[in-house]
$ cat entry_11.txt   # compact mmCIF, C-alpha atoms
# COMPACT_ATOMS: atom_id res chain seq x y z
CA MET A 1 -26.17 -11.10 8.73
CA GLU A 2 -23.64 -10.78 11.57
CA ARG A 3 -22.17 -14.17 10.76
CA SER A 4 -21.85 -13.37 7.03
CA LEU A 5 -20.23 -10.04 7.88
CA ARG A 6 -17.62 -11.73 10.05
CA ALA A 7 -16.98 -14.19 7.23
CA ALA A 8 -16.58 -11.31 4.75
CA ARG A 9 -14.09 -9.63 7.06
CA ALA A 10 -12.12 -12.87 7.39
CA ALA A 11 -12.13 -13.27 3.59
CA THR A 12 -10.83 -9.71 3.19
CA PHE A 13 -8.02 -10.46 5.65
CA THR A 14 -7.25 -13.51 3.51
CA TYR A 15 -6.87 -11.48 0.33
CA PHE A 16 -4.63 -8.92 2.05
CA ILE A 17 -2.40 -11.73 3.34
CA LEU A 18 -2.49 -13.31 -0.12
CA ASN A 19 -1.38 -10.09 -1.78
CA GLY A 20 1.48 -9.66 0.68
CA THR A 21 2.53 -13.28 0.18
CA LEU A 22 2.53 -13.15 -3.62
CA LEU A 23 4.52 -9.91 -3.70
CA GLY A 24 6.88 -11.25 -1.05
CA MET A 25 7.44 -14.48 -3.01
CA TRP A 26 8.79 -12.42 -5.91
CA VAL A 27 11.00 -10.38 -3.56
CA VAL A 28 12.65 -13.42 -1.96
CA GLN A 29 13.34 -14.90 -5.40
CA ILE A 30 15.08 -11.76 -6.72
CA PRO A 31 18.70 -12.94 -6.10
CA PRO A 32 18.47 -16.28 -7.99
CA ILE A 33 16.42 -14.73 -10.81
CA GLU A 34 18.87 -11.85 -11.16
CA GLU A 35 21.77 -14.30 -11.32
CA ARG A 36 20.07 -16.64 -13.80
CA VAL A 37 19.01 -13.86 -16.18
CA GLY A 38 22.44 -12.23 -15.89
CA ILE A 39 21.59 -8.60 -15.11
CA SER A 40 23.22 -6.00 -12.88
CA HIS A 41 21.65 -4.32 -9.86
CA ALA A 42 21.22 -1.17 -11.94
CA VAL A 43 19.25 -2.99 -14.64
CA LEU A 44 17.16 -4.70 -11.97
CA GLY A 45 16.35 -1.28 -10.51
CA GLY A 46 14.99 -0.20 -13.87
CA PHE A 47 12.88 -3.35 -14.11
CA LEU A 48 11.43 -2.65 -10.66
CA VAL A 49 10.12 0.62 -12.11
CA LEU A 50 8.28 -1.48 -14.69
CA LEU A 51 6.76 -3.48 -11.83
CA GLY A 52 5.50 -0.23 -10.31
CA LEU A 53 4.26 1.09 -13.64
CA GLY A 54 2.29 -2.10 -14.20
CA ALA A 55 0.76 -1.80 -10.73
CA PHE A 56 -0.27 1.79 -11.40
CA LEU A 57 -1.95 0.82 -14.68
CA GLY A 58 -3.71 -2.11 -13.02
CA MET A 59 -5.08 0.16 -10.33
CA GLN A 60 -6.52 2.62 -12.84
CA VAL A 61 -8.21 -0.12 -14.85
CA THR A 62 -9.59 -2.13 -11.95
CA GLY A 63 -11.00 0.65 -9.76
CA PRO A 64 -13.89 1.61 -12.08
CA LEU A 65 -14.31 -2.05 -13.06
CA ALA A 66 -14.88 -3.01 -9.42
CA ASP A 67 -17.64 -0.40 -9.18
CA ARG A 68 -19.27 -1.68 -12.36
CA LEU A 69 -18.97 -5.46 -11.94
CA SER A 70 -18.86 -5.80 -8.11
CA THR A 71 -15.83 -6.43 -5.91
CA ARG A 72 -17.20 -9.91 -5.29
CA VAL A 73 -16.29 -10.69 -8.91
CA VAL A 74 -13.21 -8.53 -9.39
CA VAL A 75 -11.33 -9.39 -6.16
CA PRO A 76 -11.06 -13.15 -6.75
CA ALA A 77 -10.48 -12.61 -10.49
CA SER A 78 -7.60 -10.25 -9.67
CA ALA A 79 -6.18 -12.74 -7.16
CA LEU A 80 -6.31 -15.50 -9.78
CA LEU A 81 -4.55 -13.23 -12.28
CA CYS A 82 -1.91 -12.28 -9.72
CA GLY A 83 -1.27 -15.94 -8.86
CA ALA A 84 -1.10 -16.94 -12.54
CA THR A 85 1.39 -14.19 -13.47
CA LEU A 86 3.65 -14.75 -10.45
CA VAL A 87 5.44 -17.58 -12.26
CA LEU A 88 6.42 -15.38 -15.22
CA PRO A 89 9.56 -13.83 -13.65
CA GLY A 90 10.71 -17.35 -12.77
CA LEU A 91 10.29 -18.46 -16.38
CA ALA A 92 12.05 -15.43 -17.91
CA SER A 93 15.08 -16.47 -19.93
CA GLY A 94 16.54 -13.03 -20.63
CA PRO A 95 16.41 -9.37 -19.56
CA TRP A 96 13.63 -8.32 -21.92
CA ALA A 97 11.50 -11.30 -20.93
CA LEU A 98 11.99 -10.45 -17.26
CA GLY A 99 11.04 -6.81 -17.83
CA LEU A 100 7.84 -7.83 -19.59
CA ALA A 101 7.08 -10.42 -16.89
CA LEU A 102 7.41 -7.81 -14.14
CA LEU A 103 5.19 -5.37 -16.04
CA VAL A 104 2.46 -8.02 -16.33
CA PHE A 105 2.83 -9.22 -12.73
CA GLY A 106 2.80 -5.61 -11.53
CA PHE A 107 -0.44 -5.01 -13.43
CA ALA A 108 -2.07 -8.02 -11.75
CA ASN A 109 -0.78 -6.94 -8.34
CA GLY A 110 -2.26 -3.47 -8.85
CA CYS A 111 -5.61 -5.04 -9.78
CA LEU A 112 -5.68 -7.05 -6.55
CA ASP A 113 -4.47 -4.12 -4.44
CA VAL A 114 -7.26 -1.76 -5.47
CA SER A 115 -10.08 -4.28 -5.62
CA MET A 116 -9.37 -5.73 -2.16
CA ASN A 117 -9.17 -2.20 -0.69
CA ALA A 118 -12.51 -1.35 -2.33
CA HIS A 119 -14.05 -4.44 -0.73
CA ALA A 120 -12.43 -3.50 2.60
CA VAL A 121 -14.26 -0.17 2.39
CA GLN A 122 -17.49 -2.07 1.82
CA VAL A 123 -16.85 -4.22 4.91
CA GLU A 124 -16.03 -1.12 6.94
CA LYS A 125 -19.33 0.48 5.88
CA ALA A 126 -21.21 -2.61 7.01
CA TYR A 127 -19.44 -2.63 10.38
CA GLY A 128 -20.10 1.06 10.92
CA ARG A 129 -16.71 1.60 12.55
CA PRO A 130 -13.06 1.82 11.42
CA VAL A 131 -11.55 -1.55 10.45
CA MET A 132 -9.33 -0.58 7.51
CA SER A 133 -5.99 -0.33 9.32
CA ALA A 134 -6.15 -3.93 10.54
CA PHE A 135 -6.48 -5.12 6.94
CA HIS A 136 -3.31 -3.25 6.01
CA ALA A 137 -1.52 -4.74 9.01
CA THR A 138 -2.19 -8.27 7.77
CA PHE A 139 -0.49 -7.46 4.46
CA SER A 140 2.77 -7.66 6.42
CA VAL A 141 1.83 -11.16 7.58
CA GLY A 142 1.99 -12.21 3.94
CA GLY A 143 5.56 -10.98 3.73
CA VAL A 144 6.52 -13.14 6.70
CA LEU A 145 4.86 -16.19 5.11
CA ALA A 146 6.73 -15.50 1.86
CA ALA A 147 10.06 -15.31 3.69
CA LEU A 148 9.40 -18.65 5.40
CA ALA A 149 8.28 -20.27 2.15
CA GLY A 150 11.29 -18.87 0.31
CA ALA A 151 13.66 -20.23 2.93
CA ALA A 152 12.04 -23.67 2.70
CA ALA A 153 12.20 -23.65 -1.11
CA ALA A 154 15.89 -22.74 -0.98
CA GLY A 155 16.52 -25.58 1.45
CA TRP A 156 14.86 -27.98 -0.97
CA SER A 157 16.88 -26.53 -3.89
CA LEU A 158 13.71 -25.67 -5.85
CA SER A 159 14.07 -23.44 -8.90
CA PRO A 160 12.41 -19.98 -8.93
CA ALA A 161 9.94 -21.18 -11.58
CA THR A 162 8.89 -24.15 -9.43
CA THR A 163 8.65 -22.07 -6.27
CA LEU A 164 6.68 -19.25 -7.85
CA GLY A 165 4.48 -21.63 -9.81
CA ALA A 166 3.57 -23.59 -6.68
CA ALA A 167 2.84 -20.37 -4.77
CA GLY A 168 0.63 -19.15 -7.61
CA LEU A 169 -1.30 -22.43 -7.67
CA ILE A 170 -1.90 -22.33 -3.91
CA ALA A 171 -2.99 -18.69 -4.24
CA ALA A 172 -5.54 -19.65 -6.89
CA VAL A 173 -7.11 -22.25 -4.59
CA VAL A 174 -7.23 -19.81 -1.66
CA ALA A 175 -8.72 -17.08 -3.88
CA VAL A 176 -11.55 -19.35 -5.07
CA VAL A 177 -12.38 -20.62 -1.58
CA ALA A 178 -12.38 -17.15 0.01
CA ALA A 179 -14.53 -15.65 -2.77
CA ARG A 180 -17.70 -17.27 -1.42
CA ALA A 181 -17.61 -15.11 1.72
CA LEU A 182 -17.21 -11.73 -0.01
CA LEU A 183 -20.04 -9.22 0.28
CA PRO A 184 -22.20 -8.46 -2.75
CA THR A 185 -21.77 -4.90 -3.96
CA GLU A 186 -24.69 -2.62 -3.17
CA ALA A 187 -26.41 -1.03 -6.13
CA ALA A 188 -25.11 2.43 -6.83
CA ALA A 189 -27.47 5.32 -6.30
CA PRO A 190 -28.97 6.74 -9.48
CA ALA A 191 -26.85 9.43 -11.04
CA ASP A 192 -27.99 13.01 -10.63
CA PRO A 193 -28.20 14.51 -14.12
CA VAL A 194 -28.09 18.04 -12.75
CA ALA A 195 -24.81 17.31 -10.95
CA GLU A 196 -23.42 15.67 -14.06
CA ASP A 197 -24.23 18.70 -16.17
CA ALA A 198 -22.65 20.98 -13.58
CA ASP A 199 -19.46 18.91 -13.74
CA GLY A 200 -19.47 19.12 -17.48
CA ALA A 201 -18.86 15.42 -17.58
CA GLY A 202 -21.70 14.59 -19.88
CA GLY A 203 -22.65 11.63 -17.74
CA SER A 204 -19.10 10.47 -16.97
CA HIS A 205 -17.75 10.48 -13.43
CA ARG A 206 -15.31 13.18 -12.43
CA ALA A 207 -13.53 12.85 -9.12
CA PRO A 208 -14.30 15.58 -6.57
CA THR A 209 -11.49 17.93 -5.59
CA ARG A 210 -11.40 16.26 -2.15
CA ILE A 211 -10.38 12.95 -3.76
CA TRP A 212 -7.38 14.56 -5.43
CA LEU A 213 -6.41 16.19 -2.14
CA LEU A 214 -6.51 12.75 -0.52
CA ALA A 215 -4.41 11.41 -3.41
CA VAL A 216 -1.75 14.09 -2.92
CA LEU A 217 -1.62 13.28 0.80
CA ALA A 218 -1.24 9.60 -0.09
CA LEU A 219 1.66 10.52 -2.38
CA LEU A 220 3.38 12.41 0.46
CA ILE A 221 2.87 9.67 3.05
CA MET A 222 3.80 6.77 0.75
CA LEU A 223 6.87 8.71 -0.43
CA CYS A 224 7.96 8.61 3.21
CA GLU A 225 7.28 4.85 3.40
CA GLY A 226 9.38 4.33 0.27
CA VAL A 227 12.28 6.23 1.84
CA ALA A 228 12.21 3.92 4.86
CA ASN A 229 11.95 0.79 2.72
CA ASP A 230 14.96 1.60 0.55
CA TRP A 231 17.25 3.83 2.63
CA SER A 232 16.87 2.96 6.32
CA VAL A 233 19.42 0.14 6.35
CA LEU A 234 21.89 2.02 4.18
CA HIS A 235 21.63 5.04 6.47
CA LEU A 236 22.78 3.14 9.55
CA LYS A 237 25.55 1.43 7.62
CA THR A 238 27.02 4.43 5.77
CA ILE A 239 26.25 7.36 8.08
CA LEU A 240 26.56 5.76 11.53
CA ASP A 241 29.03 3.02 10.53
CA ALA A 242 26.84 0.23 11.93
CA SER A 243 27.49 -3.40 11.08
CA GLU A 244 25.29 -5.11 8.50
CA SER A 245 23.45 -7.08 11.18
CA THR A 246 22.78 -3.94 13.24
CA ALA A 247 21.81 -1.91 10.18
CA ALA A 248 19.12 -4.47 9.33
CA PHE A 249 17.32 -3.46 12.53
CA ALA A 250 16.67 -0.02 11.04
CA TYR A 251 14.07 -1.38 8.63
CA GLY A 252 13.03 -4.04 11.17
CA SER A 253 12.16 -1.42 13.79
CA PHE A 254 10.28 0.65 11.21
CA ALA A 255 8.28 -2.32 9.88
CA ALA A 256 7.49 -3.76 13.31
CA ALA A 257 6.30 -0.40 14.64
CA MET A 258 4.17 0.12 11.53
CA THR A 259 2.52 -3.30 11.88
CA VAL A 260 1.72 -2.78 15.57
CA GLY A 261 0.51 0.76 14.86
CA ARG A 262 -1.89 -0.47 12.19
CA LEU A 263 -3.34 -3.05 14.56
CA LEU A 264 -4.13 -0.23 17.01
CA ALA A 265 -5.06 2.56 14.58
CA ASP A 266 -8.68 1.47 14.08
CA ARG A 267 -9.45 1.96 17.78
CA VAL A 268 -7.76 5.35 17.77
CA ALA A 269 -9.69 6.40 14.66
CA ALA A 270 -12.99 5.23 16.19
CA ARG A 271 -12.41 7.31 19.32
CA PHE A 272 -10.69 10.43 18.01
CA GLY A 273 -11.49 10.43 14.29
CA PRO A 274 -9.39 9.76 11.17
CA ALA A 275 -8.19 13.37 10.97
CA ALA A 276 -6.54 12.99 14.38
CA VAL A 277 -4.82 9.79 13.25
CA LEU A 278 -3.34 11.59 10.26
CA ARG A 279 -2.50 14.84 12.07
CA TYR A 280 -0.78 13.40 15.11
CA GLY A 281 0.56 10.36 13.28
CA ALA A 282 2.23 12.45 10.60
CA GLY A 283 3.46 14.87 13.27
CA ALA A 284 5.04 12.03 15.24
CA ALA A 285 6.57 10.64 12.04
CA ALA A 286 8.14 14.05 11.35
CA VAL A 287 9.73 14.00 14.80
CA GLY A 288 10.97 10.43 14.30
CA ILE A 289 12.63 10.98 10.92
CA ALA A 290 14.09 14.32 12.09
CA ALA A 291 15.72 12.45 14.99
CA VAL A 292 17.13 9.97 12.47
CA ALA A 293 18.52 12.81 10.34
CA VAL A 294 20.45 14.46 13.18
CA SER A 295 21.28 11.45 15.39
CA PRO A 296 24.96 10.62 15.94
CA TRP A 297 24.03 7.43 17.83
CA VAL A 298 22.70 4.13 16.55
CA PRO A 299 20.17 3.57 19.40
CA LEU A 300 18.59 7.00 18.84
CA ALA A 301 18.43 6.39 15.09
CA LEU A 302 16.72 3.02 15.64
CA ALA A 303 14.23 4.68 17.96
CA GLY A 304 13.65 7.37 15.34
CA TRP A 305 12.90 4.79 12.64
CA ALA A 306 10.46 3.08 15.01
CA VAL A 307 8.66 6.35 15.78
CA PHE A 308 8.61 7.11 12.04
CA GLY A 309 6.92 3.75 11.34
CA ALA A 310 4.43 4.07 14.20
CA GLY A 311 3.48 7.58 13.12
CA LEU A 312 2.95 6.65 9.48
CA SER A 313 1.15 3.38 10.28
CA GLY A 314 -2.43 4.63 10.39
CA CYS A 315 -2.18 7.39 7.79
CA VAL A 316 -2.60 5.54 4.48
CA PRO A 317 -5.51 3.35 5.66
CA GLN A 318 -7.41 6.49 6.70
CA LEU A 319 -6.84 8.05 3.27
CA PHE A 320 -8.00 4.91 1.44
CA SER A 321 -11.03 4.65 3.72
CA ALA A 322 -11.99 8.29 3.19
CA ALA A 323 -11.71 7.88 -0.58
CA GLY A 324 -13.87 4.76 -0.52
CA HIS A 325 -16.56 6.40 1.60
CA ALA A 326 -16.61 9.66 -0.36
CA GLU A 327 -19.20 8.65 -2.99
CA ASP A 328 -21.70 5.83 -3.23
CA GLY A 329 -21.01 3.61 -6.22
CA ALA A 330 -17.53 5.02 -6.86
CA ALA A 331 -15.43 3.42 -4.12
CA GLY A 332 -13.24 1.48 -6.55
CA ALA A 333 -12.58 4.44 -8.85
CA ASN A 334 -11.76 6.79 -5.98
CA VAL A 335 -9.54 4.28 -4.16
CA SER A 336 -7.69 3.66 -7.44
CA ARG A 337 -6.94 7.38 -7.77
CA VAL A 338 -5.65 7.71 -4.22
CA ALA A 339 -3.75 4.42 -4.27
CA GLY A 340 -2.32 5.08 -7.73
CA LEU A 341 -0.88 8.48 -6.88
CA GLY A 342 0.32 7.13 -3.54
CA TYR A 343 2.08 4.26 -5.28
CA LEU A 344 3.87 6.73 -7.53
CA GLY A 345 5.04 8.50 -4.39
CA MET A 346 6.43 5.26 -2.99
CA LEU A 347 8.37 4.72 -6.21
CA ALA A 348 9.53 8.33 -6.51
CA GLY A 349 10.64 8.76 -2.89
CA PRO A 350 13.72 6.51 -2.98
CA ALA A 351 14.70 7.91 -6.39
CA VAL A 352 14.47 11.53 -5.18
CA ILE A 353 16.54 10.70 -2.10
CA GLY A 354 19.13 9.08 -4.34
CA TRP A 355 19.34 12.22 -6.48
CA LEU A 356 19.61 14.47 -3.42
CA THR A 357 22.61 12.45 -2.15
CA HIS A 358 24.59 14.03 -4.99
CA LEU A 359 24.04 17.38 -3.24
CA VAL A 360 24.00 16.63 0.50
CA PRO A 361 24.79 13.70 2.82
CA LEU A 362 22.17 10.95 3.04
CA ASN A 363 20.99 11.85 6.53
CA LEU A 364 20.23 15.44 5.49
CA THR A 365 18.02 14.23 2.62
CA PHE A 366 15.64 12.93 5.28
CA PHE A 367 14.42 16.47 5.84
CA LEU A 368 12.36 15.93 2.66
CA PRO A 369 10.13 13.35 4.40
CA VAL A 370 10.08 15.66 7.43
CA LEU A 371 8.55 18.32 5.19
CA CYS A 372 6.09 15.83 3.66
CA CYS A 373 4.91 14.74 7.10
CA LEU A 374 4.47 18.31 8.29
CA VAL A 375 2.38 19.18 5.20
CA ALA A 376 0.22 16.09 5.79
CA ALA A 377 -0.26 16.99 9.46
CA ALA A 378 -1.22 20.56 8.59
CA THR A 379 -3.81 19.50 6.02
CA ALA A 380 -5.32 16.55 7.93
CA GLY A 381 -8.62 18.40 8.15
CA VAL A 382 -9.48 17.10 4.68
CA LEU A 383 -10.31 13.79 6.38
CA ARG A 384 -13.19 15.31 8.31
CA THR A 385 -16.43 13.95 6.88
CA PRO A 386 -18.32 16.76 5.12
CA ARG A 387 -21.59 17.46 6.88
CA THR A 388 -24.76 17.39 4.86
CA HIS A 389 -26.69 20.66 5.07
CA VAL A 390 -30.09 20.22 6.64
CA PRO A 391 -32.58 22.95 5.71
CA ALA A 392 -34.09 24.81 8.65
CA GLN A 393 -37.64 23.83 9.52
CA PRO A 394 -40.23 26.55 9.00

$ encode --input "entry_11.txt" --output "structure tokens"
Amino acid sequence: MERSLRAARAATFTYFILNGTLLGMWVVQIPPIEERVGISHAVLGGFLVLLGLGAFLGMQVTGPLADRLSTRVVVPASALLCGATLVLPGLASGPWALGLALLVFGFANGCLDVSMNAHAVQVEKAYGRPVMSAFHATFSVGGVLAALAGAAAAGWSLSPATTLGAAGLIAAVVAVVAARALLPTEAAAPADPVAEDADGAGGSHRAPTRIWLLAVLALLIMLCEGVANDWSVLHLKTILDASESTAAFAYGSFAAAMTVGRLLADRVAARFGPAAVLRYGAGAAAVGIAAVAVSPWVPLALAGWAVFGAGLSGCVPQLFSAAGHAEDGAAGANVSRVAGLGYLGMLAGPAVIGWLTHLVPLNLTFFLPVLCCLVAAATAGVLRTPRTHVPAQP
């Protein structure tokens, strides 16, 4: 059993790396695809919303499906779908075709995202200790692999369709090979008809209030991640007048600190509990982004972005893990709710910051993520595992 569990963990790492690689392959091909299709940056921004919308829809469909059919079936099927649809943006011949291709690829990416997280919860249950954050850390490894592959493809003068098609084919092979090591889904506990009647669901599953609280926290935290992804480099360049090469370190310091933090967060969660990871992590992130907002110096701003990334690093994995552990037989559905709302936050964050720049300077808009982090820190108690009441012995 121990050997099969280690194999399942390795397979889960593989799917997280695969997801990061497939998404990264699209990202590194954006410039040539944008040029070939003949669209502006503004139009591309709108199409990226379609990518996010597709991912959100995929998450909502796949979560309950993973509970019903088993993650052992849905994870590799989602990976195959994601690999197959990756080539579509490379084949798009016009703006409308590209928009539709991104919607479909986003849907497949959302399917893989939720199903692999649901299986990660299953692995974590089997281990009996926190392991979720390490899975999320390896997602970044996929981005590095995509950057290297994209650079090689450019050196060989390969077209986007060829590059993306080859990546999708390799992903399909990896998905099939790794599927053999996935854990079979445990049978869900029989439904309690009394509880169902009390919910008024008539036999259908209704998410507990705690799941929606976790989802709101995911929205707040992932909104902050979206701000760093889209505005960190621009902040150093426009507010602190840094060079382009120096400004790139803003996102680099954030991403590096987040990756390292996620590799360490499981040990912290095992010793101090997931609520402590969220409370002190979000608190540290608030301090980091506040320093960025008020800093007149580039080194302090870079340090602030690093602290922001380190603080946020363990927060989302704890929320996903808590959602997956909340109810037997509903891990996929609950993770899809938390991940879906969180993903909307990641999309909305950069847009809200952009709107706020019409009112105040960019650096002052960062007090919005400060507020989000403080709210998350103050409400971290929701991550405490509810204790089951044990009747007193007569």

$ residues_near_point --input "entry_11.txt" --point "(4.1, -13.3, -10.4)" --cutoff "8 Å" --atoms "only C-alpha atoms" --output "number ranges by chain"
A: 22-23, 26, 82-89, 101-102, 105-106, 164, 168

$ residues_near_point --input "entry_11.txt" --point "(22.6, 9.6, 5.5)" --cutoff "12 Å" --atoms "all atoms listed in the file" --output "ChimeraX atom specification"
/A:227-228,231-241,289-290,292-296,301,353-354,356-367

$ closest_residue --input "entry_11.txt" --among "A:Gly58, A:Gly349, A:Gly288, A:Gly128" --to "A:Leu368" --atoms "only C-alpha atoms"
A:Gly349

$ atom_distance --input "entry_11.txt" --atom1 "atom CA of A:Ala333" --atom2 "atom CA of A:Gly281"
26.4 Å

$ closest_residue --input "entry_11.txt" --among "A:Leu80, A:Ala270, A:Ala256, A:Leu312" --to "A:Ile221" --atoms "only C-alpha atoms"
A:Leu312

$ closest_residue --input "entry_11.txt" --among "A:Leu158, A:Leu220, A:Ala215, A:Val298" --to "A:Ala242" --atoms "all atoms listed in the file"
A:Val298

$ atom_distance --input "entry_11.txt" --atom1 "atom CA of A:Met25" --atom2 "atom CA of A:Phe139"
13.0 Å

$ atom_distance --input "entry_11.txt" --atom1 "atom CA of A:Ala120" --atom2 "atom CA of A:Gly252"
26.9 Å

$ residues_around --input "entry_11.txt" --residues "A:Gly45" --least-positions-apart "6" --cutoff "12 Å" --atoms "all atoms listed in the file" --output "list of chain:residue names"
A:Ile30, A:Glu34, A:Ile39, A:Leu51, A:Gly52, A:Gly99, A:Leu102, A:Asp230, A:Leu347, A:Pro350, A:Ala351

$ write_last_selection --input "entry_11.txt" --atoms "C-alpha atoms" --output "mmCIF file, keeping the file's coordinate frame"
data_model
loop_
_atom_site.group_PDB
_atom_site.id
_atom_site.type_symbol
_atom_site.label_atom_id
_atom_site.label_comp_id
_atom_site.auth_asym_id
_atom_site.auth_seq_id
_atom_site.Cartn_x
_atom_site.Cartn_y
_atom_site.Cartn_z
ATOM 1 C CA ILE A 30 15.080 -11.760 -6.720
ATOM 2 C CA GLU A 34 18.870 -11.850 -11.160
ATOM 3 C CA ILE A 39 21.590 -8.600 -15.110
ATOM 4 C CA LEU A 51 6.760 -3.480 -11.830
ATOM 5 C CA GLY A 52 5.500 -0.230 -10.310
ATOM 6 C CA GLY A 99 11.040 -6.810 -17.830
ATOM 7 C CA LEU A 102 7.410 -7.810 -14.140
ATOM 8 C CA ASP A 230 14.960 1.600 0.550
ATOM 9 C CA LEU A 347 8.370 4.720 -6.210
ATOM 10 C CA PRO A 350 13.720 6.510 -2.980
ATOM 11 C CA ALA A 351 14.700 7.910 -6.390
#

$ residues_around --input "entry_11.txt" --residues "A:Gln60" --least-positions-apart "4" --cutoff "8 Å" --atoms "only C-alpha atoms" --output "list in words"
Phe56, Pro64, Ala333, Ser336, Arg337 and Gly340 of chain A

$ closest_residue --input "entry_11.txt" --among "A:Ala376, A:Leu145, A:Val173, A:Ala248" --to "A:Met222" --atoms "only C-alpha atoms"
A:Ala376

$ closest_residue --input "entry_11.txt" --among "A:Val370, A:Ala108, A:Tyr343, A:Arg129" --to "A:Thr62" --atoms "all atoms listed in the file"
A:Ala108

$ residues_around --input "entry_11.txt" --residues "A:Thr71" --least-positions-apart "4" --cutoff "6 Å" --atoms "all atoms listed in the file" --output "VMD selection string"
chain A and resid 66 75 119

$ closest_residue --input "entry_11.txt" --among "A:Gly342, A:Gly38, A:Gly261, A:Gly150" --to "A:Ala137" --atoms "all atoms listed in the file"
A:Gly261

$ residues_around --input "entry_11.txt" --residues "A:Pro184" --least-positions-apart "4" --cutoff "9 Å" --atoms "only C-alpha atoms" --output "PyMOL selection string"
chain A and resi 70-73

$ write_last_selection --input "entry_11.txt" --atoms "C-alpha atoms" --output "short mmCIF file (atom, residue, chain, number, x, y, z; two decimals), in the frame of the given file"
data_model
loop_
_atom_site.label_atom_id
_atom_site.label_comp_id
_atom_site.auth_asym_id
_atom_site.auth_seq_id
_atom_site.Cartn_x
_atom_site.Cartn_y
_atom_site.Cartn_z
CA SER A 70 -18.86 -5.80 -8.11
CA THR A 71 -15.83 -6.43 -5.91
CA ARG A 72 -17.20 -9.91 -5.29
CA VAL A 73 -16.29 -10.69 -8.91
#

$ residues_around --input "entry_11.txt" --residues "stretch 16-18 of chain A" --least-positions-apart "3" --cutoff "12 Å" --atoms "all atoms listed in the file" --output "PyMOL selection string"
chain A and resi 9-13+21-25+75-76+78-80+82-83+109+112-120+132-146+167-176+178

$ decode --input "entry_11.txt" --residues "stretch 285-297 of chain A" --atoms "N, CA and C atoms" --output "compact mmCIF listing (two decimals), in the first residue's frame"
# COMPACT_ATOMS: atom_id res chain seq x y z
N ALA A 285 1.51 38.82 4.00
CA ALA A 285 1.27 39.33 2.65
C ALA A 285 0.76 40.77 2.70
N ALA A 286 -0.09 41.08 3.68
CA ALA A 286 -0.59 42.45 3.83
C ALA A 286 0.55 43.42 4.10
N VAL A 287 1.49 42.99 4.95
CA VAL A 287 2.65 43.84 5.24
C VAL A 287 3.50 44.03 3.98
N GLY A 288 3.70 42.94 3.23
CA GLY A 288 4.52 43.01 2.03
C GLY A 288 3.96 43.94 0.98
N ILE A 289 2.66 43.82 0.67
CA ILE A 289 2.08 44.65 -0.38
C ILE A 289 1.91 46.09 0.10
N ALA A 290 1.74 46.30 1.41
CA ALA A 290 1.69 47.66 1.94
C ALA A 290 3.05 48.34 1.76
N ALA A 291 4.13 47.57 1.99
CA ALA A 291 5.47 48.12 1.78
C ALA A 291 5.67 48.50 0.32
N VAL A 292 5.15 47.66 -0.59
CA VAL A 292 5.24 47.98 -2.02
C VAL A 292 4.51 49.28 -2.32
N ALA A 293 3.32 49.44 -1.72
CA ALA A 293 2.48 50.61 -2.01
C ALA A 293 3.14 51.92 -1.60
N VAL A 294 3.90 51.91 -0.51
CA VAL A 294 4.45 53.17 0.01
C VAL A 294 5.94 53.33 -0.28
N SER A 295 6.59 52.29 -0.83
CA SER A 295 8.04 52.34 -1.00
C SER A 295 8.48 53.32 -2.08
N PRO A 296 9.46 54.17 -1.76
CA PRO A 296 10.06 55.04 -2.78
C PRO A 296 11.31 54.43 -3.39
N TRP A 297 11.70 53.23 -2.93
CA TRP A 297 12.95 52.61 -3.35
C TRP A 297 12.68 51.25 -4.00
